[in-house]
>>> print(open('start-v3.txt').read())   # compact mmCIF, C-alpha atoms
# COMPACT_ATOMS: atom_id res chain seq x y z
CA GLY A 1095 -46.17 26.22 -16.91
CA VAL A 1096 -49.06 25.64 -14.50
CA MET A 1097 -48.33 21.91 -14.35
CA ASP A 1098 -44.69 22.61 -13.59
CA LEU A 1099 -45.63 25.00 -10.79
CA THR A 1100 -48.07 22.47 -9.38
CA ARG A 1101 -45.46 19.73 -9.51
CA PHE A 1102 -42.93 22.01 -7.85
CA ALA A 1103 -45.37 22.87 -5.08
CA VAL A 1104 -46.10 19.18 -4.45
CA ASP A 1105 -42.41 18.29 -4.36
CA ALA A 1106 -41.68 21.20 -2.04
CA GLY A 1107 -44.47 20.17 0.29
CA GLN A 1108 -43.26 16.57 0.28
CA PHE A 1109 -39.70 17.69 1.03
CA ILE A 1110 -40.88 19.84 3.93
CA ASN A 1111 -42.95 17.01 5.38
CA ARG A 1112 -39.98 14.61 5.17
CA ALA A 1113 -37.69 17.17 6.78
CA VAL A 1114 -40.15 17.69 9.64
CA GLN A 1115 -40.51 13.93 10.14
CA TYR A 1116 -36.74 13.36 10.07
CA THR A 1117 -36.15 16.17 12.56
CA GLY A 1118 -38.81 14.76 14.88
CA GLU A 1119 -37.18 11.33 14.74
CA SER A 1120 -33.76 12.82 15.50
CA LEU A 1121 -35.15 14.65 18.52
CA GLY A 1122 -37.09 11.60 19.68
CA GLN A 1123 -40.46 13.31 19.17
CA ALA A 1124 -41.73 11.11 16.35
CA ASP A 1125 -42.06 7.39 15.81
CA LYS A 1126 -39.76 5.66 13.35
CA THR A 1127 -40.45 2.49 11.38
CA GLU A 1128 -37.59 0.07 11.90
CA LEU A 1129 -36.14 -1.88 9.00
CA ASP A 1130 -35.96 -5.65 8.87
CA PRO A 1131 -32.98 -7.01 10.90
CA GLY A 1132 -31.72 -8.97 7.88
CA LEU A 1133 -31.79 -5.81 5.80
CA GLU A 1134 -29.95 -3.89 8.50
CA GLU A 1135 -27.24 -6.57 8.55
CA LEU A 1136 -26.80 -6.35 4.78
CA ILE A 1137 -26.49 -2.58 5.02
CA ALA A 1138 -23.82 -2.90 7.74
CA ARG A 1139 -21.83 -5.42 5.65
CA THR A 1140 -22.01 -3.17 2.61
CA ASP A 1141 -20.87 -0.11 4.53
CA ALA A 1142 -17.97 -2.05 6.07
CA THR A 1143 -16.94 -3.34 2.64
CA LYS A 1144 -17.00 0.17 1.23
CA SER A 1145 -14.98 1.65 4.09
CA TRP A 1146 -12.26 -1.02 4.05
CA THR A 1147 -12.09 -1.08 0.26
CA ASP A 1148 -11.35 2.65 0.27
CA GLN A 1149 -8.56 2.14 2.80
CA ILE A 1150 -7.08 -0.78 0.87
CA ILE A 1151 -7.09 1.25 -2.35
CA SER A 1152 -5.42 4.19 -0.63
CA GLN A 1153 -2.69 2.08 0.97
CA THR A 1154 -2.05 0.15 -2.25
CA GLU A 1155 -1.54 3.43 -4.06
CA VAL A 1156 1.01 4.37 -1.39
CA LEU A 1157 2.76 1.04 -1.96
CA LEU A 1158 2.95 1.55 -5.72
CA GLN A 1159 3.91 5.23 -5.51
CA PRO A 1160 5.34 6.37 -2.13
CA SER A 1161 5.65 10.02 -3.22
CA PRO A 1162 2.54 12.07 -2.23
CA GLY A 1163 3.29 14.66 -4.91
CA ALA A 1164 3.45 12.04 -7.64
CA ARG A 1165 0.17 10.47 -6.44
CA LEU A 1166 -1.52 13.87 -6.48
CA GLU A 1167 -0.23 14.50 -9.98
CA ASP A 1168 -1.50 11.12 -11.20
CA ARG A 1169 -4.92 11.78 -9.65
CA LEU A 1170 -5.08 15.17 -11.37
CA TYR A 1171 -4.26 13.62 -14.73
CA ALA A 1172 -6.93 10.97 -14.15
CA GLN A 1173 -9.60 13.60 -13.38
CA LEU A 1174 -8.66 15.56 -16.49
CA GLU A 1175 -8.63 12.30 -18.48
CA TRP A 1176 -5.08 12.96 -19.63
CA SER A 1177 -2.47 10.29 -20.14
CA VAL A 1178 0.04 10.15 -17.29
CA PRO A 1179 3.60 10.89 -18.53
CA PRO A 1180 6.11 8.07 -17.99
CA ARG A 1181 7.93 8.40 -14.70
CA PRO A 1182 11.15 6.39 -14.04
CA ARG A 1183 11.22 4.17 -11.00
CA PRO A 1184 13.86 4.69 -8.25
CA HIS A 1185 15.73 1.52 -9.29
CA GLU A 1186 16.03 2.85 -12.84
CA LEU A 1187 17.40 6.17 -11.60
CA LEU A 1188 19.94 4.35 -9.44
CA GLY A 1189 20.88 2.16 -12.39
CA ASP A 1190 21.53 5.21 -14.57
CA GLU A 1191 23.76 6.76 -11.91
CA MET A 1192 25.78 3.54 -11.48
CA THR A 1193 26.18 3.11 -15.23
CA GLN A 1194 27.43 6.68 -15.69
CA ALA A 1195 29.78 6.29 -12.73
CA GLY A 1196 31.22 3.07 -14.19
CA MET A 1197 31.81 4.69 -17.56
CA GLU A 1198 33.47 7.69 -15.90
CA ILE A 1199 35.76 5.54 -13.72
CA GLY A 1200 36.58 3.23 -16.61
CA SER A 1201 34.72 0.26 -18.00
CA ASN A 1202 38.02 -1.66 -18.30
CA THR A 1203 38.73 -1.37 -14.57
CA PRO A 1204 37.31 -3.94 -12.12
CA TYR A 1205 35.37 -1.36 -10.11
CA GLY A 1206 34.04 0.43 -13.18
CA SER A 1207 32.84 -2.78 -14.81
CA ALA A 1208 31.22 -3.87 -11.53
CA LEU A 1209 29.35 -0.55 -11.31
CA MET A 1210 28.10 -0.93 -14.86
CA ARG A 1211 26.90 -4.48 -14.17
CA CYS A 1212 25.10 -3.29 -11.01
CA GLY A 1213 23.50 -0.47 -12.97
CA GLU A 1214 22.20 -2.95 -15.54
CA ALA A 1215 20.72 -5.10 -12.76
CA GLN A 1216 19.06 -2.09 -11.13
CA LYS A 1217 17.41 -1.20 -14.43
CA GLN A 1218 16.11 -4.76 -14.68
CA LEU A 1219 14.65 -4.42 -11.18
CA GLY A 1220 13.01 -1.15 -12.18
CA GLU A 1221 11.46 -2.77 -15.26
CA ALA A 1222 10.11 -5.63 -13.14
CA GLU A 1223 8.63 -3.08 -10.73
CA LYS A 1224 6.92 -1.28 -13.62
CA GLN A 1225 5.30 -4.53 -14.72
CA PHE A 1226 4.13 -5.18 -11.17
CA VAL A 1227 2.62 -1.69 -10.87
CA GLN A 1228 0.83 -2.05 -14.20
CA SER A 1229 -0.56 -5.47 -13.33
CA THR A 1230 -1.73 -4.27 -9.91
CA ASN A 1231 -3.52 -1.26 -11.38
CA ILE A 1232 -5.34 -3.34 -13.99
CA HIS A 1233 -6.19 -6.52 -12.09
CA PHE A 1234 -6.55 -5.25 -8.50
CA LEU A 1235 -7.21 -1.52 -8.14
CA THR A 1236 -9.54 -1.19 -11.13
CA PRO A 1237 -12.06 -3.81 -9.86
CA LEU A 1238 -12.01 -2.29 -6.37
CA ARG A 1239 -12.62 1.20 -7.75
CA SER A 1240 -15.42 -0.22 -9.90
CA PHE A 1241 -17.22 -1.20 -6.70
CA THR A 1242 -16.64 2.04 -4.78
CA GLU A 1243 -17.40 4.34 -7.73
CA GLY A 1244 -20.10 2.28 -9.46
CA GLU A 1245 -21.86 -0.48 -7.57
CA TYR A 1246 -21.84 1.23 -4.20
CA ARG A 1247 -23.30 4.44 -5.66
CA ALA A 1248 -26.17 2.43 -7.14
CA ILE A 1249 -26.72 0.85 -3.72
CA GLN A 1250 -26.71 4.27 -2.09
CA ASP A 1251 -29.36 5.52 -4.53
CA GLU A 1252 -31.66 2.66 -3.60
CA ARG A 1253 -31.01 3.22 0.10
CA LYS A 1254 -31.89 6.92 -0.21
CA MET A 1255 -35.09 5.96 -1.96
CA LEU A 1256 -35.86 3.52 0.85
CA VAL A 1257 -35.31 6.24 3.46
CA ASN A 1258 -37.71 8.55 1.61
CA LYS A 1259 -40.37 5.82 1.41
CA ARG A 1260 -39.96 5.13 5.10
CA LEU A 1261 -40.37 8.81 5.93
CA ASP A 1262 -43.51 8.93 3.76
CA LEU A 1263 -44.85 5.87 5.57
CA ASP A 1264 -44.24 7.41 8.99
CA ILE A 1265 -45.86 10.65 7.82
CA ALA A 1266 -48.90 8.69 6.68
CA LYS A 1267 -49.07 6.89 10.04
CA THR A 1268 -48.96 10.21 11.84
CA ARG A 1269 -51.70 11.62 9.64
CA LEU A 1270 -53.87 8.57 10.22
CA ARG A 1271 -53.42 8.90 13.97
CA LYS A 1272 -54.38 12.56 13.80
CA ALA A 1273 -57.42 11.68 11.68
CA HIS A 1274 -58.58 9.24 14.37
CA GLU A 1275 -58.10 11.97 16.96
CA ALA A 1276 -60.23 14.28 14.80
CA ASP A 1277 -63.02 11.68 14.64
CA ARG A 1278 -63.05 11.41 18.43
CA GLU A 1279 -63.14 15.18 18.82
CA ALA A 1280 -65.96 15.42 16.28
CA ARG A 1281 -68.02 12.90 18.21
CA ASN A 1282 -67.39 14.88 21.37
CA LEU A 1283 -68.51 18.09 19.69
CA ASN A 1284 -71.74 16.51 18.49
CA ALA A 1285 -72.42 14.93 21.86
CA ASN A 1286 -71.99 18.14 23.86
CA PRO A 1287 -74.75 20.81 23.37
CA LEU A 1288 -73.68 24.41 22.87
CA ASP A 1289 -74.27 27.12 25.44
CA ASP A 1290 -75.88 30.38 24.51
CA ASP A 1291 -72.85 32.56 25.30
CA TYR A 1292 -70.52 33.95 22.67
CA LEU A 1293 -67.38 32.12 23.87
CA SER A 1294 -69.01 28.74 23.47
CA HIS A 1295 -69.83 29.48 19.83
CA VAL A 1296 -66.29 30.71 19.11
CA SER A 1297 -64.75 27.64 20.75
CA TYR A 1298 -67.01 25.32 18.79
CA MET A 1299 -66.10 27.07 15.55
CA PHE A 1300 -62.35 26.65 16.12
CA SER A 1301 -62.77 23.02 17.15
CA PHE A 1302 -64.81 22.33 14.05
CA LEU A 1303 -62.20 23.90 11.78
CA ARG A 1304 -59.41 21.92 13.48
CA VAL A 1305 -61.31 18.67 13.00
CA LYS A 1306 -61.93 19.45 9.34
CA TRP A 1307 -58.22 20.25 8.83
CA LEU A 1308 -57.13 17.02 10.48
CA LYS A 1309 -59.51 15.02 8.34
CA VAL A 1310 -58.35 16.72 5.13
CA SER A 1311 -54.57 16.57 5.82
CA GLY A 1312 -54.59 13.04 7.22
CA CYS A 1313 -55.17 10.88 4.11
CA ALA A 1314 -56.62 8.17 6.34
CA GLU A 1315 -56.18 4.51 5.67
CA MET A 1316 -55.98 4.69 1.87
CA GLU A 1317 -52.85 6.83 1.92
CA LEU A 1318 -51.30 4.61 4.57
CA ARG A 1319 -51.89 1.49 2.47
CA ILE A 1320 -50.32 3.14 -0.56
CA CYS A 1321 -47.27 4.29 1.42
CA GLN A 1322 -46.91 0.88 3.03
CA SER A 1323 -46.99 -0.81 -0.37
CA LEU A 1324 -44.38 1.54 -1.80
CA PHE A 1325 -42.17 1.05 1.25
CA ASP A 1326 -42.37 -2.76 1.03
CA ARG A 1327 -41.59 -2.66 -2.67
CA GLN A 1328 -38.55 -0.44 -2.17
CA SER A 1329 -37.38 -2.59 0.74
CA GLU A 1330 -37.37 -5.64 -1.54
CA ILE A 1331 -35.50 -3.78 -4.28
CA THR A 1332 -32.90 -2.57 -1.79
CA ARG A 1333 -32.54 -6.07 -0.36
CA ARG A 1334 -31.83 -7.57 -3.79
CA VAL A 1335 -29.24 -4.90 -4.50
CA LEU A 1336 -27.56 -5.41 -1.12
CA GLU A 1337 -27.49 -9.18 -1.52
CA GLY A 1338 -25.16 -8.62 -4.45
CA ILE A 1339 -22.44 -7.83 -1.88
CA SER A 1340 -21.68 -11.56 -1.76
CA ASN A 1341 -20.87 -11.53 -5.47
CA THR A 1342 -18.79 -8.43 -4.86
CA HIS A 1343 -16.77 -10.27 -2.21
CA THR A 1344 -16.19 -13.13 -4.66
CA ASP A 1345 -14.95 -10.71 -7.30
CA HIS A 1346 -12.67 -9.03 -4.78
CA MET A 1347 -11.27 -12.42 -3.78
CA ARG A 1348 -10.38 -13.06 -7.41
CA SER A 1349 -8.75 -9.64 -7.69
CA LEU A 1350 -6.83 -10.26 -4.47
CA SER A 1351 -5.53 -13.54 -5.88
CA ASP A 1352 -4.37 -11.73 -9.02
CA PHE A 1353 -2.56 -9.17 -6.87
CA VAL A 1354 -0.76 -11.89 -4.91
CA ASP A 1355 0.22 -13.67 -8.14
CA ALA A 1356 1.65 -10.43 -9.55
CA GLN A 1357 3.51 -9.80 -6.31
CA ALA A 1358 4.99 -13.32 -6.27
CA CYS A 1359 6.10 -12.97 -9.90
CA TYR A 1360 7.68 -9.59 -9.12
CA PHE A 1361 9.59 -10.91 -6.13
CA ALA A 1362 10.75 -13.96 -8.12
CA GLN A 1363 12.12 -11.74 -10.89
CA CYS A 1364 13.86 -9.51 -8.36
CA ASN A 1365 15.38 -12.53 -6.62
CA GLN A 1366 16.59 -13.93 -9.94
CA HIS A 1367 18.26 -10.67 -10.98
CA ALA A 1368 19.81 -10.23 -7.52
CA GLN A 1369 21.16 -13.81 -7.44
CA GLU A 1370 22.75 -13.46 -10.86
CA LEU A 1371 24.29 -10.14 -9.89
CA GLN A 1372 25.61 -11.59 -6.64
CA LYS A 1373 27.29 -14.52 -8.42
CA GLN A 1374 28.88 -12.29 -11.05
CA LEU A 1375 30.21 -9.82 -8.49
CA ALA A 1376 31.58 -12.63 -6.31
CA SER A 1377 33.38 -14.15 -9.32
CA ARG A 1378 34.87 -10.81 -10.33
CA THR A 1379 35.99 -10.11 -6.78
CA ILE A 1380 37.78 -13.49 -6.54
CA ASN A 1381 39.51 -12.95 -9.87
CA THR A 1382 40.65 -9.48 -8.84
CA LEU A 1383 42.06 -10.73 -5.53
CA THR A 1384 43.79 -13.68 -7.27
CA ASP A 1385 45.51 -11.38 -9.75
CA ALA A 1386 46.73 -9.13 -6.96
CA ALA A 1387 47.89 -11.98 -4.61
CA PRO A 1388 51.39 -12.91 -6.17
CA ALA A 1389 52.60 -9.34 -6.26
CA SER A 1390 51.62 -8.75 -2.66
CA SER A 1391 53.30 -12.01 -1.44
CA GLN A 1392 56.59 -11.19 -3.20
CA THR A 1393 56.55 -7.72 -1.71
CA VAL A 1394 56.13 -9.09 1.81
CA THR A 1395 58.90 -11.71 1.32
CA PHE A 1396 61.33 -9.24 -0.17
CA SER A 1397 60.74 -6.89 2.75
CA ALA A 1398 61.52 -9.64 5.25
CA LEU A 1399 64.71 -10.62 3.44
CA ALA A 1400 65.90 -7.04 3.27
CA VAL A 1401 65.62 -6.83 7.04
CA ASN A 1402 67.66 -10.03 7.50
CA GLY A 1403 70.34 -8.83 5.06
CA ALA A 1404 69.72 -11.39 2.30
CA ASP A 1405 70.51 -9.03 -0.51
CA SER A 1406 71.76 -11.74 -2.81
CA VAL A 1407 68.54 -13.72 -2.56
CA THR A 1408 66.50 -10.59 -3.16
CA THR A 1409 68.51 -9.88 -6.27
CA THR A 1410 68.01 -13.45 -7.48
CA ALA A 1411 64.26 -13.26 -6.87
CA ALA A 1412 64.02 -9.93 -8.61
CA SER A 1413 65.98 -11.18 -11.60
CA SER A 1414 63.67 -14.21 -12.06
CA PRO A 1415 60.07 -12.91 -12.09
CA SER A 1416 58.97 -15.74 -14.36
CA GLN A 1417 59.31 -18.31 -11.51
CA PRO A 1418 57.57 -16.76 -8.53
CA SER A 1419 56.93 -20.03 -6.74
CA GLN A 1420 60.53 -21.34 -6.84
CA THR A 1421 61.94 -17.98 -5.89
CA ALA A 1422 59.53 -17.70 -2.99
CA ASN A 1423 60.47 -21.18 -1.74
CA ALA A 1424 64.19 -20.46 -1.96
CA VAL A 1425 63.80 -17.14 -0.27
CA THR A 1426 61.70 -18.66 2.48
CA ALA A 1427 64.22 -21.48 3.14
CA GLU A 1428 67.25 -19.16 3.30
CA SER A 1429 65.38 -16.65 5.44
CA VAL A 1430 64.52 -19.42 7.90
CA THR A 1431 68.19 -20.52 8.00
CA ALA A 1432 69.36 -16.97 8.57
CA ASN A 1433 66.84 -16.51 11.32
CA GLU A 1434 67.92 -19.74 13.04
CA LYS A 1435 71.55 -18.65 12.98
CA ALA A 1436 70.71 -15.27 14.36
CA ALA A 1437 68.60 -16.83 17.13
CA ASP A 1438 71.48 -19.20 18.35
CA PRO A 1439 74.39 -17.11 19.80
CA GLN A 1440 76.46 -20.18 20.85
CA THR A 1441 76.63 -21.50 17.38
CA THR A 1442 77.59 -18.08 16.14
CA ASP A 1443 80.49 -17.82 18.62
CA GLU A 1444 81.83 -21.25 17.79
CA THR A 1445 81.74 -20.50 14.13
CA SER A 1446 83.52 -17.19 14.59
CA GLU A 1447 86.30 -18.74 16.77
CA GLN A 1448 87.05 -21.65 14.46
CA PRO A 1449 88.68 -19.66 11.66
CA ILE A 1450 91.11 -18.01 14.16
CA VAL A 1451 92.47 -21.35 15.40
CA ASN A 1452 93.00 -22.65 11.92
CA GLU A 1453 94.90 -19.50 10.98
CA GLU A 1454 97.44 -19.93 13.85
CA ASP A 1455 97.99 -23.52 12.91
CA VAL A 1456 98.61 -22.52 9.38
CA GLN A 1457 101.14 -19.85 10.48
CA GLU A 1458 103.02 -22.31 12.73
CA SER A 1459 103.11 -24.96 10.05
CA SER A 1460 104.36 -22.46 7.52
CA SER A 1461 107.15 -21.23 9.86
CA GLY A 1462 108.17 -24.82 10.59
CA SER A 1463 108.43 -25.64 6.97
CA GLN A 1464 110.61 -22.59 6.43
CA ASN A 1465 113.03 -23.72 9.17
CA VAL A 1466 113.31 -27.14 7.61
CA VAL A 1467 114.11 -25.66 4.30
CA GLN A 1468 116.82 -23.49 5.89
>>> encode(input="start-v3.txt", output="structure tokens")
Amino acid sequence: GVMDLTRFAVDAGQFINRAVQYTGESLGQADKTELDPGLEELIARTDATKSWTDQIISQTEVLLQPSPGARLEDRLYAQLEWSVPPRPRPHELLGDEMTQAGMEIGSNTPYGSALMRCGEAQKQLGEAEKQFVQSTNIHFLTPLRSFTEGEYRAIQDERKMLVNKRLDLDIAKTRLRKAHEADREARNLNANPLDDDYLSHVSYMFSFLRVKWLKVSGCAEMELRICQSLFDRQSEITRRVLEGISNTHTDHMRSLSDFVDAQACYFAQCNQHAQELQKQLASRTINTLTDAAPASSQTVTFSALAVNGADSVTTTAASSPSQPSQTANAVTAESVTANEKAADPQTTDETSEQPIVNEEDVQESSSGSQNVVQ
């Protein structure tokens, strides 16, 4: 129990001294030992890597799961170490809706079958997206999180230890400086004789106690050498840990390459499914329009003939549905002839007058023949 109390008192005193030193440095009232420039550069590179890695992880999670609520739910499951329940992707949900719509409309109809085929393709896209998400989590996000949650924390522990050793070194330097000041004051006290008055004796007593306190609290050169050795040793340890950032960059390059490969594979699968769907829909659309084309052409032709009064041709075409091409040709030729006659009034007049003349001639010839007979 006594040893624990002693250790606690030493740790508390050390903590207070470091806090005082750090506060003095922040206020510009105490000297600060600067780190090696190469070590400072390594620290800056490590901090930049940590900051950007966190942002890349966050934005990649947004890419894989745009919904903030779903991301929060996944993070909660991860903290509780529970398995995340399967969640359908948007393409899969769209595929289910299209499939149900096609079945409701009728799988034997062109539109219903097209909806069902689109739904199948959307489900394939959703499955490809699931594989991409899984590959990205394993081969890209996991290595990045391993750095931010593992390696960087170890680096931070060494850096905190280095800061503490630096504070101890600066405290030792301050104590050594105060010890030198106490030696100078002690020499001055011994060199100056005391007066016989009371104030001189009191002043000497306080000066003597202050010198003794400075000499006791300032551990002199031995403490400074120990603190300097511990600081140098911790600086070297921290440097070796920080130099591992180059290996970390190499590992992240490999993970980045895996992410790009997974992304290229995902896009290739999506393109393949989309191209196949596009070809199938285009073929079905052409077939549907081809089947509907003869009926629509006959309807248009029959309407034109009805306007021109070609009832006989319409009846003929309607009575022969097995030969749509011949009927259409005949109808077209007669409709053109009828239109030409209707467009030429002179020809129409001449044709209408000709039967009248022939009728008179016939009457005269018949009357003449009757007279001859009489």
>>> closest_residue(input="start-v3.txt", among="A:Thr1140, A:Gln1153, A:Thr1193, A:Gln1250", to="A:Lys1217", atoms="all atoms listed in the file")
A:Thr1193
>>> closest_residue(input="start-v3.txt", among="A:Glu1370, A:Glu1135, A:Asp1125, A:Asp1345", to="A:Thr1236", atoms="all atoms listed in the file")
A:Asp1345
>>> atom_distance(input="start-v3.txt", atom1="atom CA of A:Arg1327", atom2="atom CA of A:Arg1139")
21.6 Å
>>> atom_distance(input="start-v3.txt", atom1="atom CA of A:Asp1262", atom2="atom CA of A:Ile1110")
11.2 Å
>>> closest_residue(input="start-v3.txt", among="A:Val1354, A:Leu1170, A:Leu1219, A:Ala1164", to="A:Pro1184", atoms="all atoms listed in the file")
A:Leu1219
>>> atom_distance(input="start-v3.txt", atom1="atom CA of A:Thr1344", atom2="atom CA of A:Asp1141")
16.6 Å
>>> residues_near_point(input="start-v3.txt", point="(5.1, -12.8, -8.6)", cutoff="12 Å", atoms="all atoms listed in the file", output="number ranges by chain")
A: 1222-1223, 1225-1227, 1229-1230, 1351-1366
>>> closest_residue(input="start-v3.txt", among="A:Glu1167, A:Glu1221, A:Glu1315, A:Glu1155", to="A:His1185", atoms="all atoms listed in the file")
A:Glu1221
>>> closest_residue(input="start-v3.txt", among="A:Ile1339, A:Ala1208, A:Leu1318, A:Leu1133", to="A:Lys1373", atoms="all atoms listed in the file")
A:Ala1208
>>> closest_residue(input="start-v3.txt", among="A:Ser1349, A:Gln1216, A:Ala1195, A:Gln1159", to="A:Leu1371", atoms="only C-alpha atoms")
A:Gln1216
>>> residues_around(input="start-v3.txt", residues="A:Lys1259", least_positions_apart="4", cutoff="12 Å", atoms="only C-alpha atoms", output="CSV table (one decimal) with C-alpha atoms, in the coordinates of the input")
chain,number,residue,atom,x,y,z
A,1108,GLN,CA,-43.3,16.6,0.3
A,1109,PHE,CA,-39.7,17.7,1.0
A,1112,ARG,CA,-40.0,14.6,5.2
A,1115,GLN,CA,-40.5,13.9,10.1
A,1126,LYS,CA,-39.8,5.7,13.4
A,1127,THR,CA,-40.4,2.5,11.4
A,1129,LEU,CA,-36.1,-1.9,9.0
A,1252,GLU,CA,-31.7,2.7,-3.6
A,1253,ARG,CA,-31.0,3.2,0.1
A,1254,LYS,CA,-31.9,6.9,-0.2
A,1255,MET,CA,-35.1,6.0,-2.0
A,1263,LEU,CA,-44.8,5.9,5.6
A,1264,ASP,CA,-44.2,7.4,9.0
A,1265,ILE,CA,-45.9,10.6,7.8
A,1266,ALA,CA,-48.9,8.7,6.7
A,1318,LEU,CA,-51.3,4.6,4.6
A,1320,ILE,CA,-50.3,3.1,-0.6
A,1321,CYS,CA,-47.3,4.3,1.4
A,1322,GLN,CA,-46.9,0.9,3.0
A,1323,SER,CA,-47.0,-0.8,-0.4
A,1324,LEU,CA,-44.4,1.5,-1.8
A,1325,PHE,CA,-42.2,1.0,1.2
A,1326,ASP,CA,-42.4,-2.8,1.0
A,1327,ARG,CA,-41.6,-2.7,-2.7
A,1328,GLN,CA,-38.6,-0.4,-2.2
A,1329,SER,CA,-37.4,-2.6,0.7
A,1332,THR,CA,-32.9,-2.6,-1.8
>>> axis_aligned_box(input="start-v3.txt", around="stretch 1317-1336 of chain A", padding_each_side="5 Å", output="AutoDock Vina command-line options")
--center_x -40.2 --center_y -0.4 --center_z 0.0 --size_x 35.3 --size_y 24.4 --size_z 19.1
